[in-house]
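Source file: upload.pdb. Holds: PDB, C-alpha atoms.
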```pdb
ATOM      1  CA  MET A 729     -27.506  79.678 111.725
ATOM      2  CA  LEU A 730     -30.469  79.121 109.425
ATOM      3  CA  PRO A 731     -30.389  76.049 107.171
ATOM      4  CA  THR A 732     -29.555  76.662 103.532
ATOM      5  CA  PRO A 733     -32.185  76.143 100.803
ATOM      6  CA  LYS A 734     -30.298  73.004  99.723
ATOM      7  CA  THR A 735     -30.485  71.615 103.262
ATOM      8  CA  LEU A 736     -34.184  72.427 103.476
ATOM      9  CA  ARG A 737     -34.832  70.629 100.177
ATOM     10  CA  ARG A 738     -32.912  67.601 101.403
ATOM     11  CA  LEU A 739     -34.837  67.526 104.689
ATOM     12  CA  ARG A 740     -38.133  67.873 102.853
ATOM     13  CA  ARG A 741     -37.263  65.037 100.450
ATOM     14  CA  THR A 742     -36.139  62.800 103.289
ATOM     15  CA  ALA A 743     -39.213  63.454 105.421
ATOM     16  CA  LEU A 744     -41.569  62.876 102.508
ATOM     17  CA  ALA A 745     -39.908  59.613 101.504
ATOM     18  CA  ALA A 746     -39.960  58.357 105.097
ATOM     19  CA  ALA A 747     -43.648  59.233 105.468
ATOM     20  CA  LEU A 748     -44.599  57.454 102.255
ATOM     21  CA  ASN A 749     -42.609  54.375 103.205
ATOM     22  CA  GLN A 750     -44.246  54.291 106.623
ATOM     23  CA  ALA A 751     -47.710  54.668 105.119
ATOM     24  CA  PHE A 752     -47.169  51.872 102.603
ATOM     25  CA  THR A 753     -45.605  49.583 105.200
ATOM     26  CA  GLN A 754     -48.411  50.099 107.670
ATOM     27  CA  SER A 755     -51.164  49.670 105.078
ATOM     28  CA  SER A 756     -49.540  46.462 103.857
ATOM     29  CA  ARG A 757     -49.225  45.185 107.414
ATOM     30  CA  LEU A 758     -52.852  45.971 108.245
ATOM     31  CA  ALA A 759     -54.061  44.370 105.029
ATOM     32  CA  SER A 760     -52.124  41.209 105.878
ATOM     33  CA  PHE A 761     -54.578  40.565 108.737
ATOM     34  CA  MET A 762     -57.573  40.391 106.399
ATOM     35  CA  PRO A 763     -58.991  36.917 105.716
ATOM     36  CA  LEU A 764     -58.257  37.245 101.981
ATOM     37  CA  ALA A 765     -54.589  37.757 102.792
ATOM     38  CA  ARG A 766     -54.222  34.237 104.142
ATOM     39  CA  PRO A 767     -52.131  32.189 101.704
ATOM     40  CA  GLN A 768     -54.266  29.083 102.193
ATOM     41  CA  ARG A 769     -57.302  30.972 100.881
ATOM     42  CA  HIS A 770     -55.499  31.068  97.541
ATOM     43  CA  GLY A 771     -54.082  27.553  97.499
ATOM     44  CA  VAL A 772     -50.656  28.953  98.339
ATOM     45  CA  ARG A 773     -48.112  28.209 101.043
ATOM     46  CA  VAL A 774     -45.095  30.199 102.167
ATOM     47  CA  GLU A 775     -41.755  29.443 103.786
ATOM     48  CA  ARG A 776     -40.491  32.583 105.482
ATOM     49  CA  ASP A 777     -37.114  34.028 106.388
ATOM     50  CA  VAL A 778     -34.787  31.714 104.506
ATOM     51  CA  ALA A 779     -31.219  33.017 104.753
ATOM     52  CA  TRP A 780     -29.784  33.550 101.290
ATOM     53  CA  ARG A 781     -26.499  35.181 102.221
ATOM     54  CA  ALA A 782     -24.231  34.839 105.214
ATOM     55  CA  PRO A 783     -24.226  37.729 107.726
ATOM     56  CA  MET A 784     -21.902  40.644 107.051
ATOM     57  CA  PRO A 785     -20.494  43.162 109.564
ATOM     58  CA  THR A 786     -22.963  45.782 108.319
ATOM     59  CA  GLU A 787     -25.822  43.271 108.078
ATOM     60  CA  PRO A 788     -25.489  41.029 111.153
ATOM     61  CA  ALA A 789     -28.851  39.359 110.557
ATOM     62  CA  GLY A 790     -27.910  38.335 107.031
ATOM     63  CA  HIS A 791     -30.206  38.563 104.038
ATOM     64  CA  LEU A 792     -33.567  36.801 104.135
ATOM     65  CA  LEU A 793     -36.075  35.675 101.539
ATOM     66  CA  ASP A 794     -39.525  34.117 101.473
ATOM     67  CA  LEU A 795     -40.548  31.247  99.208
ATOM     68  CA  TRP A 796     -44.148  31.244  97.972
ATOM     69  CA  ARG A 797     -45.573  28.364  95.954
ATOM     70  CA  PRO A 798     -48.813  26.644  94.935
ATOM     71  CA  ALA A 799     -49.793  24.420  97.846
ATOM     72  CA  GLU A 800     -50.342  21.317  95.704
ATOM     73  CA  ALA A 801     -47.446  21.868  93.311
ATOM     74  CA  GLN A 802     -45.865  18.848  91.623
ATOM     75  CA  GLY A 803     -42.597  18.762  89.751
ATOM     76  CA  PRO A 804     -40.178  21.630  89.071
ATOM     77  CA  LEU A 805     -42.006  24.957  88.923
ATOM     78  CA  PRO A 806     -41.171  28.063  86.930
ATOM     79  CA  VAL A 807     -39.694  30.683  89.233
ATOM     80  CA  VAL A 808     -40.172  34.400  89.802
ATOM     81  CA  LEU A 809     -37.286  36.186  91.510
ATOM     82  CA  TYR A 810     -39.051  39.247  92.929
ATOM     83  CA  LEU A 811     -37.275  42.498  93.860
ATOM     84  CA  HIS A 812     -39.505  44.834  95.845
ATOM     85  CA  GLY A 813     -39.832  48.574  95.295
ATOM     86  CA  GLY A 814     -39.578  51.374  97.818
ATOM     87  CA  GLY A 815     -37.386  54.104  96.337
ATOM     88  CA  PHE A 816     -34.197  52.175  97.215
ATOM     89  CA  ARG A 817     -34.681  53.178 100.846
ATOM     90  CA  GLY A 818     -37.845  51.462 102.076
ATOM     91  CA  CYS A 819     -40.225  48.518 102.045
ATOM     92  CA  SER A 820     -39.180  44.872 102.205
ATOM     93  CA  LYS A 821     -40.220  41.396 101.196
ATOM     94  CA  ASP A 822     -42.867  41.616 103.930
ATOM     95  CA  THR A 823     -44.679  44.552 102.290
ATOM     96  CA  HIS A 824     -45.089  42.809  98.932
ATOM     97  CA  TRP A 825     -47.016  39.686  99.892
ATOM     98  CA  PRO A 826     -49.992  40.435  97.546
ATOM     99  CA  ILE A 827     -47.702  40.234  94.524
ATOM    100  CA  CYS A 828     -46.243  36.957  95.783
ATOM    101  CA  ILE A 829     -49.710  35.454  96.200
ATOM    102  CA  ALA A 830     -50.651  36.551  92.678
ATOM    103  CA  PHE A 831     -47.628  34.864  91.117
ATOM    104  CA  ALA A 832     -47.801  31.745  93.311
ATOM    105  CA  ARG A 833     -51.467  31.060  92.597
ATOM    106  CA  ALA A 834     -50.596  31.289  88.889
ATOM    107  CA  GLY A 835     -48.165  28.385  89.238
ATOM    108  CA  TYR A 836     -44.835  30.003  90.151
ATOM    109  CA  LEU A 837     -42.336  29.432  92.911
ATOM    110  CA  VAL A 838     -41.732  33.016  94.077
ATOM    111  CA  VAL A 839     -38.360  33.945  95.570
ATOM    112  CA  ASN A 840     -39.106  37.228  97.347
ATOM    113  CA  VAL A 841     -35.886  38.780  98.614
ATOM    114  CA  ASN A 842     -34.674  41.513 100.925
ATOM    115  CA  TYR A 843     -31.696  43.586  99.797
ATOM    116  CA  ARG A 844     -29.619  46.360 101.349
ATOM    117  CA  LEU A 845     -31.303  49.739 101.481
ATOM    118  CA  ALA A 846     -30.039  53.298 101.132
ATOM    119  CA  PRO A 847     -28.891  55.619 102.512
ATOM    120  CA  ALA A 848     -27.016  53.242 104.827
ATOM    121  CA  HIS A 849     -26.065  51.254 101.735
ATOM    122  CA  ARG A 850     -25.755  53.319  98.583
ATOM    123  CA  PHE A 851     -25.288  52.170  94.996
ATOM    124  CA  PRO A 852     -24.122  49.616  94.002
ATOM    125  CA  ALA A 853     -25.244  47.752  97.156
ATOM    126  CA  ALA A 854     -28.830  47.037  96.044
ATOM    127  CA  ALA A 855     -27.767  46.225  92.481
ATOM    128  CA  ALA A 856     -25.007  43.911  93.711
ATOM    129  CA  ASP A 857     -27.511  42.226  96.020
ATOM    130  CA  ALA A 858     -29.887  41.725  93.091
ATOM    131  CA  ALA A 859     -27.032  40.075  91.206
ATOM    132  CA  GLU A 860     -26.273  37.823  94.146
ATOM    133  CA  ALA A 861     -29.953  36.989  94.610
ATOM    134  CA  TRP A 862     -30.003  35.948  90.942
ATOM    135  CA  ALA A 863     -27.040  33.661  91.597
ATOM    136  CA  TRP A 864     -28.775  32.214  94.672
ATOM    137  CA  ALA A 865     -31.864  31.470  92.618
ATOM    138  CA  VAL A 866     -29.880  29.800  89.831
ATOM    139  CA  ASN A 867     -27.965  27.648  92.310
ATOM    140  CA  ASN A 868     -30.674  26.848  94.857
ATOM    141  CA  VAL A 869     -34.219  26.854  93.484
ATOM    142  CA  ALA A 870     -33.973  23.225  92.358
ATOM    143  CA  ALA A 871     -33.683  22.209  96.013
ATOM    144  CA  HIS A 872     -36.933  24.077  96.704
ATOM    145  CA  GLY A 873     -38.946  22.676  93.822
ATOM    146  CA  GLY A 874     -38.078  25.293  91.208
ATOM    147  CA  ASP A 875     -36.612  25.037  87.731
ATOM    148  CA  PRO A 876     -33.373  27.054  87.392
ATOM    149  CA  ASP A 877     -33.840  27.180  83.626
ATOM    150  CA  ARG A 878     -37.205  28.961  83.960
ATOM    151  CA  ILE A 879     -36.589  32.009  86.141
ATOM    152  CA  VAL A 880     -38.433  35.280  85.560
ATOM    153  CA  VAL A 881     -36.882  38.342  87.189
ATOM    154  CA  ALA A 882     -39.504  40.885  88.197
ATOM    155  CA  GLY A 883     -39.894  43.946  90.370
ATOM    156  CA  GLU A 884     -41.683  47.275  90.543
ATOM    157  CA  SER A 885     -40.461  50.854  90.895
ATOM    158  CA  ALA A 886     -36.954  50.662  92.395
ATOM    159  CA  GLY A 887     -37.308  46.896  92.098
ATOM    160  CA  GLY A 888     -38.051  47.395  88.408
ATOM    161  CA  ASN A 889     -34.694  49.149  88.156
ATOM    162  CA  LEU A 890     -33.013  46.162  89.841
ATOM    163  CA  ALA A 891     -34.834  43.656  87.629
ATOM    164  CA  ALA A 892     -33.573  45.594  84.609
ATOM    165  CA  VAL A 893     -30.055  45.493  86.088
ATOM    166  CA  VAL A 894     -30.221  41.690  86.213
ATOM    167  CA  GLY A 895     -31.332  41.745  82.592
ATOM    168  CA  VAL A 896     -28.309  43.878  81.698
ATOM    169  CA  ILE A 897     -25.664  41.922  83.596
ATOM    170  CA  THR A 898     -26.808  38.570  82.244
ATOM    171  CA  SER A 899     -26.890  39.908  78.662
ATOM    172  CA  TRP A 900     -23.763  42.084  78.552
ATOM    173  CA  ARG A 901     -20.303  41.092  79.798
ATOM    174  CA  ARG A 902     -19.338  43.986  82.081
ATOM    175  CA  GLU A 903     -16.327  44.932  84.168
ATOM    176  CA  GLU A 904     -17.934  45.372  87.599
ATOM    177  CA  PRO A 905     -16.899  42.248  89.558
ATOM    178  CA  TRP A 906     -20.387  41.621  90.907
ATOM    179  CA  ALA A 907     -21.887  42.026  87.437
ATOM    180  CA  ARG A 908     -19.257  39.787  85.828
ATOM    181  CA  ALA A 909     -19.941  37.078  88.422
ATOM    182  CA  ALA A 910     -23.598  37.042  87.376
ATOM    183  CA  PHE A 911     -22.714  36.907  83.677
ATOM    184  CA  ASP A 912     -20.235  34.106  84.245
ATOM    185  CA  LEU A 913     -22.956  31.871  85.679
ATOM    186  CA  GLY A 914     -23.846  31.279  82.043
ATOM    187  CA  LYS A 915     -27.594  31.611  82.562
ATOM    188  CA  GLN A 916     -30.172  34.269  81.827
ATOM    189  CA  PRO A 917     -33.691  34.925  83.043
ATOM    190  CA  ILE A 918     -36.245  33.303  80.793
ATOM    191  CA  ALA A 919     -38.138  36.620  80.914
ATOM    192  CA  LEU A 920     -38.053  40.033  82.577
ATOM    193  CA  SER A 921     -40.911  42.026  84.085
ATOM    194  CA  PRO A 922     -39.716  45.444  85.303
ATOM    195  CA  ALA A 923     -42.967  47.154  86.255
ATOM    196  CA  CYS A 924     -43.313  50.960  86.377
ATOM    197  CA  GLY A 925     -39.596  51.219  87.061
ATOM    198  CA  ILE A 926     -37.451  54.208  87.817
ATOM    199  CA  LEU A 927     -35.053  52.888  85.215
ATOM    200  CA  GLN A 928     -32.717  55.885  85.254
ATOM    201  CA  VAL A 929     -32.021  57.492  88.622
ATOM    202  CA  SER A 930     -29.718  60.205  87.266
ATOM    203  CA  ASP A 931     -31.098  63.453  85.833
ATOM    204  CA  PRO A 932     -34.183  63.330  88.085
ATOM    205  CA  GLN A 933     -35.434  66.637  86.615
ATOM    206  CA  ARG A 934     -36.027  65.039  83.204
ATOM    207  CA  PHE A 935     -39.701  64.377  83.890
ATOM    208  CA  SER A 936     -40.545  67.955  84.871
ATOM    209  CA  ARG A 937     -38.727  69.303  81.808
ATOM    210  CA  ARG A 938     -41.143  67.395  79.589
ATOM    211  CA  ARG A 939     -44.342  68.309  81.431
ATOM    212  CA  PRO A 940     -45.214  70.056  84.713
ATOM    213  CA  ILE A 941     -45.382  67.713  87.684
ATOM    214  CA  PRO A 942     -46.248  68.501  91.328
ATOM    215  CA  THR A 943     -43.389  69.650  93.538
ATOM    216  CA  LEU A 944     -43.926  66.766  95.959
ATOM    217  CA  THR A 945     -43.733  64.264  93.102
ATOM    218  CA  GLN A 946     -40.505  65.825  91.898
ATOM    219  CA  ASP A 947     -39.143  65.634  95.444
ATOM    220  CA  ILE A 948     -39.865  61.889  95.584
ATOM    221  CA  ILE A 949     -38.146  61.281  92.243
ATOM    222  CA  SER A 950     -35.164  63.417  93.224
ATOM    223  CA  ASN A 951     -34.903  61.608  96.530
ATOM    224  CA  CYS A 952     -34.382  58.300  94.706
ATOM    225  CA  PHE A 953     -31.253  59.712  93.083
ATOM    226  CA  HIS A 954     -29.855  61.463  96.136
ATOM    227  CA  VAL A 955     -30.499  58.644  98.592
ATOM    228  CA  TYR A 956     -29.254  55.891  96.266
ATOM    229  CA  VAL A 957     -26.284  57.524  94.540
ATOM    230  CA  GLY A 958     -25.335  60.275  96.984
ATOM    231  CA  GLU A 959     -26.610  63.570  98.331
ATOM    232  CA  ASP A 960     -23.868  65.535  96.590
ATOM    233  CA  ALA A 961     -23.543  63.321  93.503
ATOM    234  CA  ASP A 962     -23.573  64.970  90.100
ATOM    235  CA  PRO A 963     -26.919  64.113  88.449
ATOM    236  CA  ASP A 964     -25.356  64.563  85.006
ATOM    237  CA  ALA A 965     -22.423  62.179  85.566
ATOM    238  CA  ASP A 966     -22.209  58.571  84.363
ATOM    239  CA  HIS A 967     -23.599  56.403  87.141
ATOM    240  CA  GLY A 968     -23.282  53.086  85.360
ATOM    241  CA  LEU A 969     -25.729  50.404  86.410
ATOM    242  CA  ALA A 970     -27.719  52.780  88.561
ATOM    243  CA  ASP A 971     -29.177  53.690  85.143
ATOM    244  CA  PRO A 972     -29.916  50.377  83.388
ATOM    245  CA  LEU A 973     -32.180  52.162  80.899
ATOM    246  CA  LEU A 974     -29.182  53.958  79.435
ATOM    247  CA  VAL A 975     -27.452  50.614  78.829
ATOM    248  CA  PHE A 976     -30.454  49.324  76.888
ATOM    249  CA  GLU A 977     -30.540  52.568  74.902
ATOM    250  CA  ARG A 978     -26.843  53.200  74.270
ATOM    251  CA  ALA A 979     -24.695  50.090  74.701
ATOM    252  CA  PRO A 980     -23.343  48.089  71.757
ATOM    253  CA  ALA A 981     -25.047  44.831  70.864
ATOM    254  CA  PRO A 982     -25.365  42.525  73.882
ATOM    255  CA  ASP A 983     -23.252  39.406  74.210
ATOM    256  CA  ARG A 984     -26.438  37.359  74.628
ATOM    257  CA  PRO A 985     -29.975  38.107  73.438
ATOM    258  CA  ILE A 986     -31.997  40.199  75.906
ATOM    259  CA  PRO A 987     -34.765  38.053  77.442
ATOM    260  CA  PRO A 988     -38.394  38.610  76.447
ATOM    261  CA  THR A 989     -39.781  41.461  78.534
ATOM    262  CA  PHE A 990     -43.201  42.473  79.813
ATOM    263  CA  LEU A 991     -43.634  46.159  80.625
ATOM    264  CA  LEU A 992     -46.535  47.708  82.514
ATOM    265  CA  VAL A 993     -47.276  51.248  83.639
ATOM    266  CA  GLY A 994     -50.213  53.593  84.191
ATOM    267  CA  THR A 995     -50.785  56.852  82.361
ATOM    268  CA  ALA A 996     -50.942  58.726  85.696
ATOM    269  CA  ASP A 997     -47.554  57.361  86.756
ATOM    270  CA  PRO A 998     -44.915  60.124  86.746
ATOM    271  CA  LEU A 999     -42.367  57.481  85.684
ATOM    272  CA  LEU A1000     -44.344  56.602  82.540
ATOM    273  CA  ASP A1001     -41.639  57.898  80.200
ATOM    274  CA  ASP A1002     -38.987  55.490  81.520
ATOM    275  CA  THR A1003     -41.116  52.458  80.675
ATOM    276  CA  ARG A1004     -41.923  53.823  77.230
ATOM    277  CA  ARG A1005     -38.237  54.503  76.583
ATOM    278  CA  LEU A1006     -37.309  50.946  77.561
ATOM    279  CA  ALA A1007     -39.985  49.585  75.224
ATOM    280  CA  ALA A1008     -38.548  51.711  72.404
ATOM    281  CA  ALA A1009     -35.026  50.462  73.133
ATOM    282  CA  LEU A1010     -36.179  46.846  73.107
ATOM    283  CA  GLN A1011     -38.026  47.461  69.840
ATOM    284  CA  THR A1012     -34.864  48.866  68.277
ATOM    285  CA  ARG A1013     -32.875  45.827  69.419
ATOM    286  CA  GLY A1014     -35.482  43.368  68.168
ATOM    287  CA  THR A1015     -36.206  41.988  71.636
ATOM    288  CA  PRO A1016     -39.585  40.270  72.064
ATOM    289  CA  HIS A1017     -41.574  42.421  74.447
ATOM    290  CA  GLU A1018     -45.021  43.704  75.280
ATOM    291  CA  LEU A1019     -45.864  47.163  76.622
ATOM    292  CA  LYS A1020     -49.160  47.618  78.433
ATOM    293  CA  VAL A1021     -50.187  51.143  79.444
ATOM    294  CA  TYR A1022     -53.257  51.391  81.681
ATOM    295  CA  PRO A1023     -55.381  54.553  81.380
ATOM    296  CA  GLY A1024     -55.643  56.672  84.520
ATOM    297  CA  MET A1025     -53.596  54.311  86.662
ATOM    298  CA  GLU A1026     -51.053  55.667  89.126
ATOM    299  CA  HIS A1027     -47.652  54.376  90.190
ATOM    300  CA  ALA A1028     -47.584  50.689  91.199
ATOM    301  CA  PHE A1029     -51.361  50.389  90.903
ATOM    302  CA  HIS A1030     -51.045  46.664  90.184
ATOM    303  CA  ALA A1031     -49.908  46.017  93.768
ATOM    304  CA  TRP A1032     -53.515  46.589  94.861
ATOM    305  CA  VAL A1033     -54.526  43.362  93.222
ATOM    306  CA  ILE A1034     -58.274  43.544  93.961
ATOM    307  CA  ARG A1035     -58.796  46.610  91.729
ATOM    308  CA  ALA A1036     -60.326  46.015  88.299
ATOM    309  CA  GLN A1037     -57.443  47.582  86.356
ATOM    310  CA  ALA A1038     -54.943  45.693  88.491
ATOM    311  CA  ALA A1039     -56.757  42.431  87.768
ATOM    312  CA  GLN A1040     -56.555  43.166  84.046
ATOM    313  CA  CYS A1041     -52.882  44.014  84.401
ATOM    314  CA  TRP A1042     -52.198  40.694  86.127
ATOM    315  CA  ALA A1043     -54.134  38.817  83.450
ATOM    316  CA  ASP A1044     -52.032  40.538  80.776
ATOM    317  CA  GLN A1045     -48.732  39.871  82.528
ATOM    318  CA  LEU A1046     -49.465  36.219  83.242
ATOM    319  CA  ALA A1047     -50.718  35.690  79.689
ATOM    320  CA  PHE A1048     -47.423  37.043  78.346
ATOM    321  CA  LEU A1049     -45.325  34.878  80.671
ATOM    322  CA  ALA A1050     -47.260  31.586  80.504
ATOM    323  CA  PRO A1051     -46.159  30.402  77.038
ATOM    324  CA  ILE A1052     -42.567  31.364  77.847
ATOM    325  CA  THR A1053     -42.390  29.740  81.283
ATOM    326  CA  GLY A1054     -44.903  26.925  80.949
ATOM    327  CA  ALA A1055     -46.639  28.111  84.117
ATOM    328  CA  VAL A1056     -49.948  26.436  84.885
ATOM    329  CA  ASP A1057     -52.540  28.351  86.883
ATOM    330  CA  ARG A1058     -53.871  25.424  88.858
ATOM    331  CA  GLN A1059     -56.948  27.272  90.064
ATOM    332  CA  GLN A1060     -57.996  28.153  86.521
ATOM    333  CA  ALA A1061     -57.209  24.612  85.354
ATOM    334  CA  ALA A1062     -59.327  23.159  88.148
ATOM    335  CA  ALA A1063     -62.215  25.490  87.334
ATOM    336  CA  ALA A1064     -62.064  24.460  83.681
ATOM    337  CA  ARG A1065     -62.367  20.750  84.486
TER     338      ARG A1065
END
```
Same coordinates, now as structure tokens:
Amino acid sequence: MLPTPKTLRRLRRTALAAALNQAFTQSSRLASFMPLARPQRHGVRVERDVAWRAPMPTEPAGHLLDLWRPAEAQGPLPVVLYLHGGGFRGCSKDTHWPICIAFARAGYLVVNVNYRLAPAHRFPAAAADAAEAWAWAVNNVAAHGGDPDRIVVAGESAGGNLAAVVGVITSWRREEPWARAAFDLGKQPIALSPACGILQVSDPQRFSRRRPIPTLTQDIISNCFHVYVGEDADPDADHGLADPLLVFERAPAPDRPIPPTFLLVGTADPLLDDTRRLAAALQTRGTPHELKVYPGMEHAFHAWVIRAQAAQCWADQLAFLAPITGAVDRQQAAAAR
């Protein structure tokens, strides 16, 4: 029997997502062998594969994180809890080392975490893991030289979604047990930085209704919804914290003020509208924020840190965060002396 059109679309989405994940993973791995990828070249050191959650039956190896920091750091450091992207189904802490170097050389202790991936672990697994990673950071960074009162939560793409989730569950008291546990810690991020996020996974056709986008791009966006929420899930249903953008847009006033937020995206990013909508929601709520839109830049362009526009993006992001976190870029300080 021939496969149905729906089955063919699903197979095409799955194959495309797997190919993109493989390409990004391999390029990141190859780049890690370059001399400039060595942490010591940047005055940075890393502690790898720290277990941050006990093994579970479905995750026998447990959850692991890497800790990146300035090599000569003194005293408690501001912290970045980083949640990698990858469409909820791919990548890992190991693919996002350039971002960790960029934050660490600017004076941050970077907590770069793995979380459960779809489709083996669908929503709310990744969101619940982000909540638990937040709790780990609050409870444990002091032992690693970090300041639990100065934690930025950041991420890009799917990780931007998860960073926004942490912003929601530490600002609004919610009913989901894993979200309530995060709220009940009594702490919030000092700032948020959800970069080029897919901030609403439902209604994946919303982008193509506004303007024509390539079929392959639409397939990638649709795959995020189907792989994360469910192949047969209703895209028009209420999917709760899979759509943190809708909370920022529609929820009553938060129980605590939303943290200051830095937003970045390129004009060639198909997810541009989500970032602009979040900026508008924050503006309506009176939340301190900054939106930076970079002309001609594609999705997650800032991960390629050696590009000129990426360098400007990093300068903008770090300039926004520094007065909030008290971060000191030791390399810039040394050069100024």
Can you find the residues with an atom no farther than 7 Å from (-25.6, 37.2, 79.2), counting all atoms listed in the file, and report them as JSON, numbers by chain? {"A": [897, 898, 899, 900, 901, 911, 914, 915, 916, 983, 984]}
So how far away is CA of Val880 (chain A) from CA of Cys1041 (chain A), in Å?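 Going from CA of Cys1041 (chain A) over to CA of Val880 (chain A) covers 16.9 Å.
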Can you measure CA of Arg939 (chain A) to CA of Gly895 (chain A) for me? One decimal in Å is fine. 29.6 Å
Please report the interatomic distance between CA of Trp796 (chain A) and CA of Leu913 (chain A) in Å with one decimal.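 Separating CA of Trp796 (chain A) from CA of Leu913 (chain A) is a distance of 24.5 Å.
Of the listed residues A:Glu959, A:Glu1018, A:Glu775, A:Asp1002, the one whose atoms come nearest to Cys924 (chain A) is A:Asp1002, with distances taken using all atoms listed in the file.
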Could you add N, CA and C atoms to region 1007-1022 of chain A and give me the result as a PDB file, in the frame of the given file?
```pdb
ATOM      1  N   ALA A1007     -39.295  50.290  76.296  1.00  0.00           N
ATOM      2  CA  ALA A1007     -39.985  49.585  75.224  1.00  0.00           C
ATOM      3  C   ALA A1007     -39.405  49.967  73.864  1.00  0.00           C
ATOM      4  N   ALA A1008     -39.121  51.257  73.671  1.00  0.00           N
ATOM      5  CA  ALA A1008     -38.548  51.711  72.404  1.00  0.00           C
ATOM      6  C   ALA A1008     -37.165  51.111  72.182  1.00  0.00           C
ATOM      7  N   ALA A1009     -36.364  51.042  73.250  1.00  0.00           N
ATOM      8  CA  ALA A1009     -35.026  50.462  73.133  1.00  0.00           C
ATOM      9  C   ALA A1009     -35.102  48.985  72.782  1.00  0.00           C
ATOM     10  N   LEU A1010     -36.020  48.259  73.410  1.00  0.00           N
ATOM     11  CA  LEU A1010     -36.179  46.846  73.107  1.00  0.00           C
ATOM     12  C   LEU A1010     -36.669  46.642  71.676  1.00  0.00           C
ATOM     13  N   GLN A1011     -37.552  47.535  71.219  1.00  0.00           N
ATOM     14  CA  GLN A1011     -38.026  47.461  69.840  1.00  0.00           C
ATOM     15  C   GLN A1011     -36.864  47.638  68.864  1.00  0.00           C
ATOM     16  N   THR A1012     -36.015  48.609  69.143  1.00  0.00           N
ATOM     17  CA  THR A1012     -34.864  48.866  68.277  1.00  0.00           C
ATOM     18  C   THR A1012     -33.936  47.663  68.229  1.00  0.00           C
ATOM     19  N   ARG A1013     -33.781  46.980  69.354  1.00  0.00           N
ATOM     20  CA  ARG A1013     -32.875  45.827  69.419  1.00  0.00           C
ATOM     21  C   ARG A1013     -33.538  44.525  68.962  1.00  0.00           C
ATOM     22  N   GLY A1014     -34.802  44.570  68.626  1.00  0.00           N
ATOM     23  CA  GLY A1014     -35.482  43.368  68.168  1.00  0.00           C
ATOM     24  C   GLY A1014     -35.794  42.378  69.264  1.00  0.00           C
ATOM     25  N   THR A1015     -35.906  42.856  70.500  1.00  0.00           N
ATOM     26  CA  THR A1015     -36.206  41.988  71.636  1.00  0.00           C
ATOM     27  C   THR A1015     -37.709  41.757  71.747  1.00  0.00           C
ATOM     28  N   PRO A1016     -38.151  40.503  71.851  1.00  0.00           N
ATOM     29  CA  PRO A1016     -39.585  40.270  72.064  1.00  0.00           C
ATOM     30  C   PRO A1016     -40.045  40.942  73.357  1.00  0.00           C
ATOM     31  N   HIS A1017     -41.101  41.714  73.262  1.00  0.00           N
ATOM     32  CA  HIS A1017     -41.574  42.421  74.447  1.00  0.00           C
ATOM     33  C   HIS A1017     -43.028  42.816  74.242  1.00  0.00           C
ATOM     34  N   GLU A1018     -43.663  43.180  75.330  1.00  0.00           N
ATOM     35  CA  GLU A1018     -45.021  43.704  75.280  1.00  0.00           C
ATOM     36  C   GLU A1018     -45.121  44.863  76.258  1.00  0.00           C
ATOM     37  N   LEU A1019     -45.643  45.983  75.794  1.00  0.00           N
ATOM     38  CA  LEU A1019     -45.864  47.163  76.622  1.00  0.00           C
ATOM     39  C   LEU A1019     -47.360  47.331  76.829  1.00  0.00           C
ATOM     40  N   LYS A1020     -47.762  47.369  78.094  1.00  0.00           N
ATOM     41  CA  LYS A1020     -49.160  47.618  78.433  1.00  0.00           C
ATOM     42  C   LYS A1020     -49.234  48.899  79.263  1.00  0.00           C
ATOM     43  N   VAL A1021     -50.005  49.861  78.765  1.00  0.00           N
ATOM     44  CA  VAL A1021     -50.187  51.143  79.444  1.00  0.00           C
ATOM     45  C   VAL A1021     -51.655  51.242  79.849  1.00  0.00           C
ATOM     46  N   TYR A1022     -51.898  51.461  81.137  1.00  0.00           N
ATOM     47  CA  TYR A1022     -53.257  51.391  81.681  1.00  0.00           C
ATOM     48  C   TYR A1022     -53.785  52.800  81.959  1.00  0.00           C
TER      49      TYR A1022
END
```
